[in-house]
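A short worksheet on the structure shown next.
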Amino acid sequence: MQINMSHPLLSIVVPVYNVEKYIECCLISCLNQNVPSETYEIILVDDGTPDESIKRVLHLINTNSNIKVVAQHNKGLSAARNMGLSVAVGQYVWFIDSDDWIEYNILNIVFQQLNKDVDILTFCASNVINGTAYRRFSYGSMVNLNLKGVDLLSSPVFQHCVPFSIYRRVFLEKNALRFFENIFHEDTEFSPRAYYYAQKVICLNNVLYYVRQNPTSITRTFNFKKKTDLIIVACNLHDFTSDIEHEHHKPFNDIISLALNSSLENYFLLNSQQKKILNEYISKKRFLYRNMLCSTKLKYRLEGMLYFVSSRLFILAHSFFFRYFYKI
């Protein structure tokens with residue numbers, strides 16, 4: 001489908017896979033906006049969805065010239081986002097998950113901020129549970145300031161979730177920022193790298209994004225691969241820090257430590273084979289203890305000491321003792 005526009009301000013990339021119940025709500029929210037349709041494009045990436053997701057919104061595709069569909073064999077969320085980015089022509093890119101939705105008539109405010117020539121625009125989101133929206137966080141005193149990404153990366157309100165930010169496309173291209181494919185937790189791997197490079201970030205306190213609390217979504221269902229992928233994320237970020245200024249290592253050390261801790265959540269619910277695999281993963285990546293030792297959080301530094309002595313000791317200590325710290 002051809003789009004009759006040369007350079008829209010914004011490209012909205014929506015990966016589509018097994019969301020026939022939700023895709024129409026998502027797409028309608030993207031269409032019900034208070035800016036001309038030619039100023040933004042919507043790219044639906046059909047990631048080899050086996051259901052009728054695309055068919056469900058065919059009437060919207062056929063009646064809105066700023067929507068286009070690209071298809072690929074099923075490769076996962078990261079690959080679908082990368083595909084959307086590769087065909088996007090907007091000056092900025094917004095990655096939206098197809099079971100969520102955005103605020104109606106909000107793009108006018110968004111465009112005003114994007115016209116300030118930012119690398120990243122970030123904003124607030126709400127979880128929606130049984131029809132009620134609950135704000136997830138607030139940017140407080142950081143609102144409307146011209147920040148560097150590392151300033152936000154080091155703050156307690158930094159958000160890993162990619163759909164809570166809009167990125168300048170040439171900024172992503174200049175810094176070779178793409179999503180690591182074939183893993184879960186791709187946002188945790190991508191966002192810290194993106195924010196490290198960003199020279200101008202603006203935060204909005206407006207809630208622009210609504211997260212559907214869908215119990216069957218990728219982020220809310222158990223999959224053992226998520227645990228090993230968290231270790232991959234930790235290793236990738238460890239490798240990334242070898243090429244950045246040492247003064248900016250601290251937030252990465254915290255994120256790496258969090259990823260390792262998250263990989264061990266509910267360890268004793270795993271079967272013996274899963275425990276063996278996870279133990280081997282963590283044992284082979286013992287160099288990550290250095291990141292834990294340099295964390296800003298005491299609990300991570302203590303775990304790092306145990307990790308240095310023995311990966312087995314680290315796992316047992318986390319499972320038996322350190323879980324109680326997370327309730328504080």
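Going through the structure tokens in order, the chains are called A, B, and so on, while each chain numbers its residues from 1 and the ligands are numbered from 1 in the order shown.
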
Using backbone DSSP assignments, extract all helix (DSSP H, G or I) residues from region 80-226 of chain A; output them as a CSV table (one decimal) with N, CA and C atoms, in the first residue's frame.
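Produced file result04.csv, reproduced below:
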```csv
chain,number,residue,atom,x,y,z
A,80,ALA,N,10.3,-7.8,14.5
A,80,ALA,CA,9.2,-7.0,14.0
A,80,ALA,C,9.4,-5.5,14.1
A,81,ARG,N,9.9,-5.1,15.3
A,81,ARG,CA,10.2,-3.7,15.5
A,81,ARG,C,11.3,-3.3,14.5
A,82,ASN,N,12.3,-4.1,14.4
A,82,ASN,CA,13.4,-3.7,13.4
A,82,ASN,C,12.9,-3.6,12.0
A,83,MET,N,12.0,-4.5,11.6
A,83,MET,CA,11.4,-4.4,10.3
A,83,MET,C,10.6,-3.1,10.1
A,84,GLY,N,9.8,-2.8,11.1
A,84,GLY,CA,9.1,-1.5,11.0
A,84,GLY,C,10.0,-0.3,10.9
A,85,LEU,N,11.1,-0.3,11.7
A,85,LEU,CA,12.1,0.7,11.7
A,85,LEU,C,12.7,0.8,10.3
A,86,SER,N,13.0,-0.3,9.7
A,86,SER,CA,13.7,-0.3,8.4
A,86,SER,C,12.8,0.3,7.3
A,87,VAL,N,11.5,0.3,7.4
A,87,VAL,CA,10.6,0.9,6.3
A,87,VAL,C,10.0,2.2,6.7
A,107,LEU,N,-1.6,13.6,19.8
A,107,LEU,CA,-0.4,13.9,18.9
A,107,LEU,C,-0.1,15.3,18.7
A,108,ASN,N,-1.1,16.2,18.9
A,108,ASN,CA,-0.8,17.6,18.7
A,108,ASN,C,0.2,18.1,19.8
A,109,ILE,N,0.0,17.6,21.0
A,109,ILE,CA,1.0,17.9,22.1
A,109,ILE,C,2.3,17.2,21.8
A,110,VAL,N,2.2,16.0,21.4
A,110,VAL,CA,3.5,15.3,21.1
A,110,VAL,C,4.3,16.0,20.0
A,111,PHE,N,3.6,16.4,18.9
A,111,PHE,CA,4.3,17.1,17.8
A,111,PHE,C,4.9,18.4,18.3
A,112,GLN,N,4.3,19.1,19.2
A,112,GLN,CA,4.9,20.4,19.7
A,112,GLN,C,6.2,20.1,20.3
A,113,GLN,N,6.3,19.0,21.0
A,113,GLN,CA,7.6,18.6,21.7
A,113,GLN,C,8.6,18.1,20.7
A,114,LEU,N,8.2,17.3,19.7
A,114,LEU,CA,9.1,16.8,18.7
A,114,LEU,C,9.7,17.9,17.9
A,140,GLY,N,7.8,14.1,37.7
A,140,GLY,CA,8.0,15.2,38.7
A,140,GLY,C,8.8,16.4,38.2
A,141,SER,N,9.9,16.7,38.9
A,141,SER,CA,10.7,17.9,38.6
A,141,SER,C,11.4,17.8,37.3
A,142,MET,N,11.4,16.6,36.7
A,142,MET,CA,12.2,16.5,35.4
A,142,MET,C,11.4,16.9,34.2
A,149,GLY,N,20.3,12.0,28.1
A,149,GLY,CA,19.8,10.7,28.4
A,149,GLY,C,20.4,10.1,29.6
A,150,VAL,N,21.7,10.3,29.8
A,150,VAL,CA,22.4,9.8,31.0
A,150,VAL,C,21.9,10.3,32.3
A,151,ASP,N,21.3,11.6,32.2
A,151,ASP,CA,20.7,12.1,33.4
A,151,ASP,C,19.5,11.3,33.9
A,152,LEU,N,18.7,10.9,32.9
A,152,LEU,CA,17.5,10.2,33.2
A,152,LEU,C,17.9,8.7,33.5
A,153,LEU,N,18.9,8.2,32.8
A,153,LEU,CA,19.3,6.8,33.0
A,153,LEU,C,19.7,6.6,34.5
A,162,VAL,N,10.0,0.4,26.1
A,162,VAL,CA,10.2,1.1,24.9
A,162,VAL,C,9.0,1.9,24.5
A,163,PRO,N,7.8,1.4,24.6
A,163,PRO,CA,6.6,2.2,24.1
A,163,PRO,C,6.4,3.5,24.9
A,164,PHE,N,7.1,3.7,26.0
A,164,PHE,CA,6.9,5.0,26.8
A,164,PHE,C,7.8,6.1,26.2
A,169,ARG,N,14.5,9.1,14.4
A,169,ARG,CA,14.9,8.0,13.6
A,169,ARG,C,16.4,8.1,13.2
A,170,VAL,N,16.9,9.3,12.8
A,170,VAL,CA,18.3,9.4,12.5
A,170,VAL,C,19.2,9.2,13.7
A,171,PHE,N,18.7,9.5,14.9
A,171,PHE,CA,19.4,9.3,16.1
A,171,PHE,C,19.6,7.8,16.3
A,172,LEU,N,18.6,7.0,16.0
A,172,LEU,CA,18.7,5.5,16.1
A,172,LEU,C,19.7,5.0,15.1
A,173,GLU,N,19.6,5.5,13.9
A,173,GLU,CA,20.4,5.1,12.8
A,173,GLU,C,21.9,5.5,13.0
A,174,LYS,N,22.1,6.7,13.5
A,174,LYS,CA,23.5,7.2,13.7
A,174,LYS,C,24.2,6.3,14.7
A,186,GLU,N,13.7,-7.6,25.6
A,186,GLU,CA,14.5,-6.8,24.6
A,186,GLU,C,14.5,-5.3,25.0
A,187,ASP,N,13.4,-4.8,25.7
A,187,ASP,CA,13.4,-3.4,26.1
A,187,ASP,C,14.5,-3.1,27.1
A,188,THR,N,14.7,-4.0,28.0
A,188,THR,CA,15.8,-3.8,29.0
A,188,THR,C,17.2,-3.8,28.4
A,189,GLU,N,17.3,-4.5,27.3
A,189,GLU,CA,18.6,-4.5,26.6
A,189,GLU,C,18.8,-3.2,25.7
A,190,PHE,N,17.7,-2.7,25.2
A,190,PHE,CA,17.7,-1.6,24.2
A,190,PHE,C,17.7,-0.2,24.9
A,191,SER,N,16.8,0.0,25.8
A,191,SER,CA,16.6,1.3,26.4
A,191,SER,C,17.8,2.0,27.0
A,192,PRO,N,18.6,1.2,27.9
A,192,PRO,CA,19.7,1.9,28.5
A,192,PRO,C,20.8,2.3,27.4
A,193,ARG,N,20.9,1.5,26.4
A,193,ARG,CA,21.9,1.9,25.3
A,193,ARG,C,21.4,3.2,24.6
A,194,ALA,N,20.1,3.2,24.3
A,194,ALA,CA,19.5,4.4,23.6
A,194,ALA,C,19.7,5.7,24.5
A,195,TYR,N,19.3,5.6,25.7
A,195,TYR,CA,19.4,6.8,26.6
A,195,TYR,C,20.8,7.2,26.8
A,196,TYR,N,21.7,6.3,26.8
A,196,TYR,CA,23.1,6.7,27.0
A,196,TYR,C,23.6,7.7,25.9
A,197,TYR,N,23.1,7.4,24.7
A,197,TYR,CA,23.5,8.2,23.5
A,197,TYR,C,22.7,9.5,23.4
A,218,ILE,N,3.0,-11.7,26.3
A,218,ILE,CA,4.4,-12.2,26.4
A,218,ILE,C,5.0,-11.9,27.8
A,219,THR,N,4.8,-10.7,28.3
A,219,THR,CA,5.4,-10.2,29.5
A,219,THR,C,4.8,-10.8,30.7
A,220,ARG,N,3.7,-11.4,30.7
A,220,ARG,CA,3.0,-11.9,31.9
A,220,ARG,C,2.7,-13.4,31.9
A,224,PHE,N,10.5,-20.4,30.6
A,224,PHE,CA,11.9,-20.5,31.1
A,224,PHE,C,12.9,-19.7,30.3
A,225,LYS,N,12.7,-19.6,29.0
A,225,LYS,CA,13.6,-18.9,28.2
A,225,LYS,C,13.8,-17.4,28.7
A,226,LYS,N,12.8,-16.9,29.3
A,226,LYS,CA,12.9,-15.5,29.8
A,226,LYS,C,14.1,-15.4,30.8
```

Neighbouring residues of Leu313 (chain A) were defined as those with any atom within 12 Å, considering only C-alpha atoms; residues of the same chain fewer than 4 positions away were excluded. Please report them as a PyMOL selection string.
chain A and resi 279+282-283+286+302-309+317-322

Residues near region 27-31 of chain A, anyone? I mean within 8 Å using only C-alpha atoms, not counting same-chain ones fewer than 4 positions away, as a PyMOL selection string.
chain A and resi 23+37+42+57+98+101-104

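The interatomic distance for the pair CA of Ala176 (chain A) and CA of Asn236 (chain A) works out to 14.6 Å.
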
Mind the document's chain letters and residue numbers, and return as a list in words the residues of region 78-143 of chain A that DSSP labels strand (DSSP E).
Tyr92, Val93, Trp94, Phe95, Trp101, Ile102, Ile120, Leu121, Thr122, Phe123, Cys124, Ala125, Ser126, Asn127, Val128, Ile129, Thr132, Ala133, Tyr134 and Arg135 of chain A

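Pairwise distance (CA of Lys276 (chain A), CA of Phe184 (chain A)) equals 20.3 Å.
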
Distance CA of Ala133 (chain A)-CA of Val13 (chain A), one decimal place?
23.5 Å

If we count only C-alpha atoms, what is near Ile202 (chain A) at a cut-off of 10 Å, once residues fewer than 3 positions away on the same chain are taken out, given as a PDB file with N, CA, C and O atoms, in the first residue's frame?
```
ATOM      1  N   GLN A 113       6.324  18.956  21.047  1.00  0.00           N
ATOM      2  CA  GLN A 113       7.578  18.591  21.701  1.00  0.00           C
ATOM      3  C   GLN A 113       8.602  18.075  20.696  1.00  0.00           C
ATOM      4  O   GLN A 113       9.791  18.390  20.796  1.00  0.00           O
ATOM      5  N   LEU A 114       8.156  17.291  19.736  1.00  0.00           N
ATOM      6  CA  LEU A 114       9.084  16.762  18.736  1.00  0.00           C
ATOM      7  C   LEU A 114       9.691  17.879  17.901  1.00  0.00           C
ATOM      8  O   LEU A 114      10.839  17.771  17.443  1.00  0.00           O
ATOM      9  N   LYS A 116      10.833  20.444  18.922  1.00  0.00           N
ATOM     10  CA  LYS A 116      11.946  21.033  19.671  1.00  0.00           C
ATOM     11  C   LYS A 116      13.259  20.311  19.373  1.00  0.00           C
ATOM     12  O   LYS A 116      14.271  20.552  20.032  1.00  0.00           O
ATOM     13  N   ASP A 117      13.205  19.389  18.415  1.00  0.00           N
ATOM     14  CA  ASP A 117      14.426  18.734  17.936  1.00  0.00           C
ATOM     15  C   ASP A 117      15.055  17.848  19.008  1.00  0.00           C
ATOM     16  O   ASP A 117      16.261  17.906  19.256  1.00  0.00           O
ATOM     17  N   VAL A 118      14.244  17.007  19.631  1.00  0.00           N
ATOM     18  CA  VAL A 118      14.733  16.120  20.683  1.00  0.00           C
ATOM     19  C   VAL A 118      15.230  14.807  20.080  1.00  0.00           C
ATOM     20  O   VAL A 118      14.856  14.423  18.975  1.00  0.00           O
ATOM     21  N   ASP A 119      16.090  14.124  20.817  1.00  0.00           N
ATOM     22  CA  ASP A 119      16.472  12.761  20.447  1.00  0.00           C
ATOM     23  C   ASP A 119      15.426  11.767  20.941  1.00  0.00           C
ATOM     24  O   ASP A 119      15.075  10.816  20.240  1.00  0.00           O
ATOM     25  N   ILE A 120      14.958  11.987  22.179  1.00  0.00           N
ATOM     26  CA  ILE A 120      13.936  11.123  22.763  1.00  0.00           C
ATOM     27  C   ILE A 120      12.914  11.976  23.501  1.00  0.00           C
ATOM     28  O   ILE A 120      13.279  12.880  24.262  1.00  0.00           O
ATOM     29  N   LEU A 121      11.654  11.682  23.262  1.00  0.00           N
ATOM     30  CA  LEU A 121      10.562  12.246  24.052  1.00  0.00           C
ATOM     31  C   LEU A 121       9.975  11.104  24.871  1.00  0.00           C
ATOM     32  O   LEU A 121       9.600  10.067  24.319  1.00  0.00           O
ATOM     33  N   THR A 122       9.927  11.275  26.193  1.00  0.00           N
ATOM     34  CA  THR A 122       9.365  10.230  27.041  1.00  0.00           C
ATOM     35  C   THR A 122       8.203  10.781  27.844  1.00  0.00           C
ATOM     36  O   THR A 122       8.119  11.990  28.093  1.00  0.00           O
ATOM     37  N   PHE A 123       7.294   9.916  28.257  1.00  0.00           N
ATOM     38  CA  PHE A 123       6.017  10.343  28.846  1.00  0.00           C
ATOM     39  C   PHE A 123       5.527   9.255  29.780  1.00  0.00           C
ATOM     40  O   PHE A 123       6.149   8.191  29.927  1.00  0.00           O
ATOM     41  N   MET A 142      11.422  16.618  36.670  1.00  0.00           N
ATOM     42  CA  MET A 142      12.172  16.450  35.427  1.00  0.00           C
ATOM     43  C   MET A 142      11.361  16.877  34.200  1.00  0.00           C
ATOM     44  O   MET A 142      11.882  16.858  33.078  1.00  0.00           O
ATOM     45  N   VAL A 143      10.120  17.268  34.414  1.00  0.00           N
ATOM     46  CA  VAL A 143       9.226  17.603  33.304  1.00  0.00           C
ATOM     47  C   VAL A 143       9.701  18.852  32.570  1.00  0.00           C
ATOM     48  O   VAL A 143      10.091  19.855  33.186  1.00  0.00           O
ATOM     49  N   ASN A 144       9.677  18.770  31.235  1.00  0.00           N
ATOM     50  CA  ASN A 144       9.938  19.901  30.332  1.00  0.00           C
ATOM     51  C   ASN A 144      11.350  20.476  30.424  1.00  0.00           C
ATOM     52  O   ASN A 144      11.605  21.585  29.956  1.00  0.00           O
ATOM     53  N   LEU A 145      12.265  19.744  31.014  1.00  0.00           N
ATOM     54  CA  LEU A 145      13.664  20.169  31.030  1.00  0.00           C
ATOM     55  C   LEU A 145      14.385  19.569  29.828  1.00  0.00           C
ATOM     56  O   LEU A 145      14.003  18.528  29.314  1.00  0.00           O
ATOM     57  N   ASN A 146      15.436  20.233  29.379  1.00  0.00           N
ATOM     58  CA  ASN A 146      16.287  19.671  28.334  1.00  0.00           C
ATOM     59  C   ASN A 146      17.372  18.835  29.008  1.00  0.00           C
ATOM     60  O   ASN A 146      18.372  19.361  29.495  1.00  0.00           O
ATOM     61  N   LEU A 147      17.145  17.537  29.044  1.00  0.00           N
ATOM     62  CA  LEU A 147      18.043  16.635  29.744  1.00  0.00           C
ATOM     63  C   LEU A 147      18.886  15.841  28.765  1.00  0.00           C
ATOM     64  O   LEU A 147      18.507  15.660  27.607  1.00  0.00           O
ATOM     65  N   LYS A 148      20.004  15.344  29.245  1.00  0.00           N
ATOM     66  CA  LYS A 148      20.730  14.316  28.512  1.00  0.00           C
ATOM     67  C   LYS A 148      20.194  12.964  28.949  1.00  0.00           C
ATOM     68  O   LYS A 148      19.730  12.794  30.082  1.00  0.00           O
ATOM     69  N   GLY A 149      20.304  11.996  28.066  1.00  0.00           N
ATOM     70  CA  GLY A 149      19.781  10.684  28.393  1.00  0.00           C
ATOM     71  C   GLY A 149      20.423  10.076  29.625  1.00  0.00           C
ATOM     72  O   GLY A 149      19.762   9.392  30.408  1.00  0.00           O
ATOM     73  N   LEU A 152      18.697  10.941  32.896  1.00  0.00           N
ATOM     74  CA  LEU A 152      17.502  10.166  33.191  1.00  0.00           C
ATOM     75  C   LEU A 152      17.856   8.720  33.515  1.00  0.00           C
ATOM     76  O   LEU A 152      17.247   8.086  34.383  1.00  0.00           O
ATOM     77  N   SER A 165       8.472   5.866  25.111  1.00  0.00           N
ATOM     78  CA  SER A 165       9.359   6.876  24.527  1.00  0.00           C
ATOM     79  C   SER A 165       9.176   6.924  23.019  1.00  0.00           C
ATOM     80  O   SER A 165       8.801   5.927  22.397  1.00  0.00           O
TER      81      SER A 165
END
```

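The residue that comes closest to Asp100 (chain A), out of A:His185, A:Lys75, A:Arg212, A:Arg178 and on the basis of only C-alpha atoms, is A:Arg212.
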
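Taking only C-alpha atoms, the non-local environment of region 65-74 of chain A within 6 Å (same-chain residues fewer than 2 positions away omitted) comprises A:Met1, A:Ile3, A:Glu41, A:Ile42, A:Ile43, A:Leu44, A:Val45, A:Asp46, A:Asp47, A:Gly48, A:Ile61, A:Gly76.
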
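Across A:Leu237, A:Ile12, A:Val211, A:Leu204, the tightest approach to Thr39 (chain A) is made by A:Ile12 when counting only C-alpha atoms.
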
Env of region 238-241 of chain A: 8 Å cut, atoms = only C-alpha atoms, seq-sep filter 5 positions within chain, self excluded. Answer as a ChimeraX atom specification.
/A:193,246,249,252-253,256,288,291

Based on the selection just made, write all heavy atoms of those residues as an mmCIF file, in the first residue's frame.
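Dumped everything to result07.cif:
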```cif
data_model
loop_
_atom_site.group_PDB
_atom_site.id
_atom_site.type_symbol
_atom_site.label_atom_id
_atom_site.label_comp_id
_atom_site.auth_asym_id
_atom_site.auth_seq_id
_atom_site.Cartn_x
_atom_site.Cartn_y
_atom_site.Cartn_z
ATOM 1 N N ARG A 193 20.935 1.545 26.373
ATOM 2 C CA ARG A 193 21.867 1.939 25.314
ATOM 3 C C ARG A 193 21.373 3.197 24.597
ATOM 4 O O ARG A 193 22.159 4.123 24.315
ATOM 5 C CB ARG A 193 22.039 0.796 24.308
ATOM 6 C CG ARG A 193 22.708 -0.431 24.895
ATOM 7 C CD ARG A 193 23.019 -1.483 23.839
ATOM 8 N NE ARG A 193 21.839 -2.088 23.246
ATOM 9 C CZ ARG A 193 21.483 -1.975 21.975
ATOM 10 N NH1 ARG A 193 22.236 -1.254 21.131
ATOM 11 N NH2 ARG A 193 20.395 -2.577 21.506
ATOM 12 N N HIS A 246 33.645 5.640 32.068
ATOM 13 C CA HIS A 246 33.496 4.931 33.339
ATOM 14 C C HIS A 246 32.522 5.632 34.278
ATOM 15 O O HIS A 246 31.832 4.978 35.078
ATOM 16 C CB HIS A 246 34.865 4.794 34.019
ATOM 17 C CG HIS A 246 34.859 3.894 35.210
ATOM 18 N ND1 HIS A 246 34.632 4.346 36.494
ATOM 19 C CD2 HIS A 246 35.011 2.542 35.309
ATOM 20 C CE1 HIS A 246 34.659 3.335 37.335
ATOM 21 N NE2 HIS A 246 34.900 2.234 36.651
ATOM 22 N N HIS A 249 28.989 4.169 34.286
ATOM 23 C CA HIS A 249 28.800 2.731 34.483
ATOM 24 C C HIS A 249 27.741 2.403 35.527
ATOM 25 O O HIS A 249 27.102 1.352 35.463
ATOM 26 C CB HIS A 249 30.121 2.075 34.888
ATOM 27 C CG HIS A 249 31.053 1.839 33.741
ATOM 28 N ND1 HIS A 249 32.088 0.926 33.796
ATOM 29 C CD2 HIS A 249 31.109 2.388 32.500
ATOM 30 C CE1 HIS A 249 32.743 0.930 32.649
ATOM 31 N NE2 HIS A 249 32.171 1.822 31.855
ATOM 32 N N PHE A 252 24.209 1.209 34.606
ATOM 33 C CA PHE A 252 24.292 -0.080 33.912
ATOM 34 C C PHE A 252 24.568 -1.207 34.911
ATOM 35 O O PHE A 252 24.009 -2.302 34.788
ATOM 36 C CB PHE A 252 25.369 -0.040 32.834
ATOM 37 C CG PHE A 252 24.985 0.762 31.626
ATOM 38 C CD1 PHE A 252 25.285 2.103 31.533
ATOM 39 C CD2 PHE A 252 24.286 0.162 30.586
ATOM 40 C CE1 PHE A 252 24.920 2.846 30.422
ATOM 41 C CE2 PHE A 252 23.919 0.887 29.469
ATOM 42 C CZ PHE A 252 24.226 2.231 29.380
ATOM 43 N N ASN A 253 25.402 -0.933 35.910
ATOM 44 C CA ASN A 253 25.660 -1.951 36.929
ATOM 45 C C ASN A 253 24.378 -2.316 37.671
ATOM 46 O O ASN A 253 24.133 -3.489 37.981
ATOM 47 C CB ASN A 253 26.711 -1.453 37.915
ATOM 48 C CG ASN A 253 28.087 -1.319 37.284
ATOM 49 O OD1 ASN A 253 28.421 -2.032 36.336
ATOM 50 N ND2 ASN A 253 28.887 -0.398 37.798
ATOM 51 N N ILE A 256 22.153 -4.393 35.228
ATOM 52 C CA ILE A 256 22.716 -5.743 35.091
ATOM 53 C C ILE A 256 22.411 -6.566 36.339
ATOM 54 O O ILE A 256 22.006 -7.736 36.248
ATOM 55 C CB ILE A 256 24.232 -5.654 34.842
ATOM 56 C CG1 ILE A 256 24.505 -5.100 33.439
ATOM 57 C CG2 ILE A 256 24.907 -7.022 35.023
ATOM 58 C CD1 ILE A 256 25.941 -4.693 33.204
ATOM 59 N N LEU A 288 30.215 -11.228 35.652
ATOM 60 C CA LEU A 288 29.189 -10.223 35.970
ATOM 61 C C LEU A 288 29.227 -9.819 37.443
ATOM 62 O O LEU A 288 28.589 -8.825 37.819
ATOM 63 C CB LEU A 288 27.806 -10.744 35.602
ATOM 64 C CG LEU A 288 27.552 -10.962 34.103
ATOM 65 C CD1 LEU A 288 26.208 -11.638 33.882
ATOM 66 C CD2 LEU A 288 27.603 -9.637 33.337
ATOM 67 N N ASN A 291 30.098 -6.183 37.994
ATOM 68 C CA ASN A 291 29.036 -5.186 37.883
ATOM 69 C C ASN A 291 28.239 -5.098 39.173
ATOM 70 O O ASN A 291 27.860 -4.006 39.625
ATOM 71 C CB ASN A 291 28.103 -5.530 36.723
ATOM 72 C CG ASN A 291 28.815 -5.566 35.387
ATOM 73 O OD1 ASN A 291 29.214 -6.620 34.925
ATOM 74 N ND2 ASN A 291 29.013 -4.401 34.767
#
```

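Minimum atom-to-atom distances from A:Ile54, A:Ala79, A:Leu264, A:Ile96 to Leu208 (chain A) were compared using only C-alpha atoms, and the lowest value belongs to A:Ile96.
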